[in-house]
Number of protein chains: 2
Amino acid sequence: MKAPKSANDLLHGTLDALVLKTVSWGPRHGYAIARWIEQTAGDALAIEEGSLYPALYRLERRGWLQSEWGVSELGRRAKFYKLTRAGREQLKHETVQWSRFTAAVSRVLLPS
Amino acid sequence: MKAPKSANDLLHGTLDALVLKTVSWGPRHGYAIARWIEQTAGDALAIEEGSLYPALYRLERRGWLQSEWGVSELGRRAKFYKLTRAGREQLKHETVQWSRFTAAVSRVLLPS
DNA sequence: ACGGGACACCTTGATTTTCTGGGTATCCAG
DNA sequence: CTGGATACCCAGAAAATCAAGGTGTCCCGT
């Protein structure tokens with residue numbers, strides 16, 4: 001009895017890039033990052049908080065994000081993440097990889 | 001000391017579709033499937049045997065592939081996999097998912 | 001006044017997939 | 001006769017995501 005494969009099984013390895021990209025527009029807090037990705041993706045992606053927060057810690061630990069406590073637009077305590085210089089490099093790198101990868105997969109998958 | 005993120009970290013959840021697609025051209029044995037994917041992808045993907053064979057068992061167990069021992073083009077014992085009717089449905093389904101997913105990710109990632 | 005929902009954070013354990021690094025055996029070329 | 005290609009397989013580790021829970025605040029509708 002296991003869940004049918006969902007679109008999110010494909011998220012593996014892509015979430016980091018999505019988060020970095022989102023934060024590249026300026027500092028955001030976790031909740032806002034999730035909402036922004038989902039909206040931009042047209043609700044085709046679901047960002048689970050159980051995936052997001054570990055990802056944020058990971059990215060910060062690797063020096064790609066830097067966090068700071070602050071106050072959200074609605075006046076609540078929230079931790080804001082901003083992209084570091086290294087994070088910007090990493091984003092560039094991952095974007096290239098993503099393009100290469102999808103091109104390769106498409107060559108195999110799409111010729112009907 | 002861990003390997004830097006490679007293109008293969010993105011493979012997650014995609015290998016199944018690649019295999020199904022490859023076999024959709026006609027029965028193939030495991031080794032040939034790996035070579036075909038790599039060539040078609042222009043060597044941008046590396047199909048590790050330690051990933052491939054478990055994937056083949058998985059797909060057969062789920063009823064999407066059917067296997068039969070035979071003899072390869074070079075006269076060696078080889079196990080040939082062919083796509084079942086259910087497998088063909090699954091391939092169609094996964095292809096749609098893949099398109100949706102990449103479109104969604106691109107919307108987030110690509111606006112420079 | 002109270003309930004529900006949105007906001008915003010976090011943790012634990014299970015699940016799944018892939019990778020690493022082995023191993024077997026045959027055949028052919030140099 | 002040694003190495004490389006063909007062709008299969010397995011065990012254990014690593015990594016990421018998911019499911020499902022939890023905390024607390026604030027606001028809106030009734």
# chains A, B, ... in the order shown; residues from 1 in each chain; ligands from 1

call {"tool": "interface_residues", "arguments": {"of": "chain B", "to": "chain A", "cutoff": "7 Å", "atoms": "only C-alpha atoms", "output": "list of chain:residue names"}}
result
B:Ala7, B:Asp9, B:Leu10, B:His12, B:Gly13, B:Thr14, B:Leu18, B:Lys21, B:Ile37, B:Thr40, B:Ala41, B:Gly42, B:Ala44, B:Gln97, B:Phe101, B:Ala104, B:Val105, B:Arg107, B:Val108, B:Leu109

call {"tool": "interface_residues", "arguments": {"of": "chain A", "to": "chain C", "cutoff": "12 Å", "atoms": "only C-alpha atoms (C1' of nucleotides)", "output": "short mmCIF file (atom, residue, chain, number, x, y, z; two decimals) with C-alpha atoms, in the first residue's frame"}}
result
data_model
loop_
_atom_site.label_atom_id
_atom_site.label_comp_id
_atom_site.auth_asym_id
_atom_site.auth_seq_id
_atom_site.Cartn_x
_atom_site.Cartn_y
_atom_site.Cartn_z
CA LYS A 2 2.10 2.83 -1.11
CA ALA A 3 1.26 6.16 -2.56
CA LYS A 5 4.21 8.20 -7.73
CA ASP A 9 9.15 12.32 -6.47
CA LEU A 10 10.95 14.28 -9.12
CA HIS A 12 14.91 15.33 -5.61
CA GLY A 13 17.94 17.50 -6.08
CA HIS A 29 11.48 33.81 5.22
CA GLY A 30 10.78 30.11 4.89
CA TYR A 31 7.04 30.29 4.70
CA ALA A 32 7.19 32.96 2.03
CA ILE A 33 9.72 30.94 0.02
CA ALA A 34 7.36 27.98 -0.08
CA ARG A 35 4.38 30.08 -1.11
CA GLU A 49 7.60 22.12 5.16
CA GLY A 50 9.26 18.91 6.22
CA SER A 51 11.38 19.18 3.10
CA LEU A 52 11.83 22.91 3.08
CA TYR A 53 13.24 23.55 6.52
CA PRO A 54 15.89 20.83 6.35
CA TYR A 57 19.52 24.38 7.13
CA TRP A 69 15.66 36.81 12.65
CA GLY A 70 13.30 39.59 11.82
CA VAL A 71 9.66 40.49 11.53
CA SER A 72 7.43 39.41 8.68
CA GLU A 73 5.17 41.64 6.64
CA LEU A 74 2.38 40.69 9.01
CA GLY A 75 4.30 41.55 12.12
CA ARG A 76 5.37 38.06 13.15
CA ARG A 77 8.71 36.68 14.18
CA ALA A 78 10.31 35.11 11.14
CA LYS A 79 13.75 34.00 10.03
CA PHE A 80 14.91 35.67 6.86
#

call {"tool": "select_by_dssp", "arguments": {"residues": "stretch 59-93 of chain A", "states": "strand (DSSP E or B)", "output": "ChimeraX atom specification"}}
result
/A:65-71,77-83

call {"tool": "atom_distance", "arguments": {"atom1": "atom CA of A:Leu83", "atom2": "atom CA of A:Val23"}}
result
6.1 Å

call {"tool": "interface_residues", "arguments": {"of": "chain D", "to": "chain A", "cutoff": "8 Å", "atoms": "only C-alpha atoms (C1' of nucleotides)", "output": "VMD selection string"}}
result
chain D and resid 16 to 18 25

call {"tool": "residues_around", "arguments": {"residues": "A:Glu60", "least_positions_apart": "6", "cutoff": "10 Å", "atoms": "only C-alpha atoms (C1' of nucleotides)", "output": "list in words"}}
result
Pro54, Gln66, Ser67, Tyr81, Lys82, Leu83, Thr84 and Gly87 of chain A

call {"tool": "write_last_selection", "arguments": {"atoms": "N, CA and C atoms", "output": "PDB file, in the first residue's frame"}}
result
ATOM      1  N   PRO A  54      14.580  21.502   6.456  1.00  0.00           N
ATOM      2  CA  PRO A  54      15.885  20.833   6.350  1.00  0.00           C
ATOM      3  C   PRO A  54      16.721  21.358   5.192  1.00  0.00           C
ATOM      4  N   GLN A  66      22.386  32.879   4.286  1.00  0.00           N
ATOM      5  CA  GLN A  66      22.684  33.437   5.588  1.00  0.00           C
ATOM      6  C   GLN A  66      21.342  33.846   6.189  1.00  0.00           C
ATOM      7  N   SER A  67      21.157  33.547   7.476  1.00  0.00           N
ATOM      8  CA  SER A  67      19.842  33.817   8.054  1.00  0.00           C
ATOM      9  C   SER A  67      19.911  34.862   9.156  1.00  0.00           C
ATOM     10  N   TYR A  81      16.144  34.565   5.136  1.00  0.00           N
ATOM     11  CA  TYR A  81      17.335  33.998   4.504  1.00  0.00           C
ATOM     12  C   TYR A  81      17.737  34.877   3.344  1.00  0.00           C
ATOM     13  N   LYS A  82      19.041  35.108   3.244  1.00  0.00           N
ATOM     14  CA  LYS A  82      19.501  35.836   2.056  1.00  0.00           C
ATOM     15  C   LYS A  82      20.648  35.092   1.395  1.00  0.00           C
ATOM     16  N   LEU A  83      20.771  35.319   0.117  1.00  0.00           N
ATOM     17  CA  LEU A  83      21.763  34.621  -0.695  1.00  0.00           C
ATOM     18  C   LEU A  83      23.145  35.217  -0.445  1.00  0.00           C
ATOM     19  N   THR A  84      24.123  34.340  -0.246  1.00  0.00           N
ATOM     20  CA  THR A  84      25.505  34.818  -0.121  1.00  0.00           C
ATOM     21  C   THR A  84      26.135  34.863  -1.513  1.00  0.00           C
ATOM     22  N   GLY A  87      26.462  31.496  -2.642  1.00  0.00           N
ATOM     23  CA  GLY A  87      25.154  30.980  -3.020  1.00  0.00           C
ATOM     24  C   GLY A  87      24.778  31.393  -4.430  1.00  0.00           C
TER      25      GLY A  87
END

call {"tool": "select_by_dssp", "arguments": {"residues": "chain B", "states": "alpha helix (DSSP H)", "output": "JSON, numbers by chain"}}
result
{"B": [15, 16, 17, 18, 19, 20, 21, 22, 23, 30, 31, 32, 33, 34, 35, 36, 37, 38, 39, 40, 49, 50, 51, 52, 53, 54, 55, 56, 57, 58, 59, 60, 61, 85, 86, 87, 88, 89, 90, 91, 92, 93, 94, 95, 96, 97, 98, 99, 100, 101, 102, 103, 104, 105, 106, 107, 108, 109]}

call {"tool": "atom_distance", "arguments": {"atom1": "atom CA of B:Gln90", "atom2": "atom CA of B:Arg28"}}
result
18.0 Å
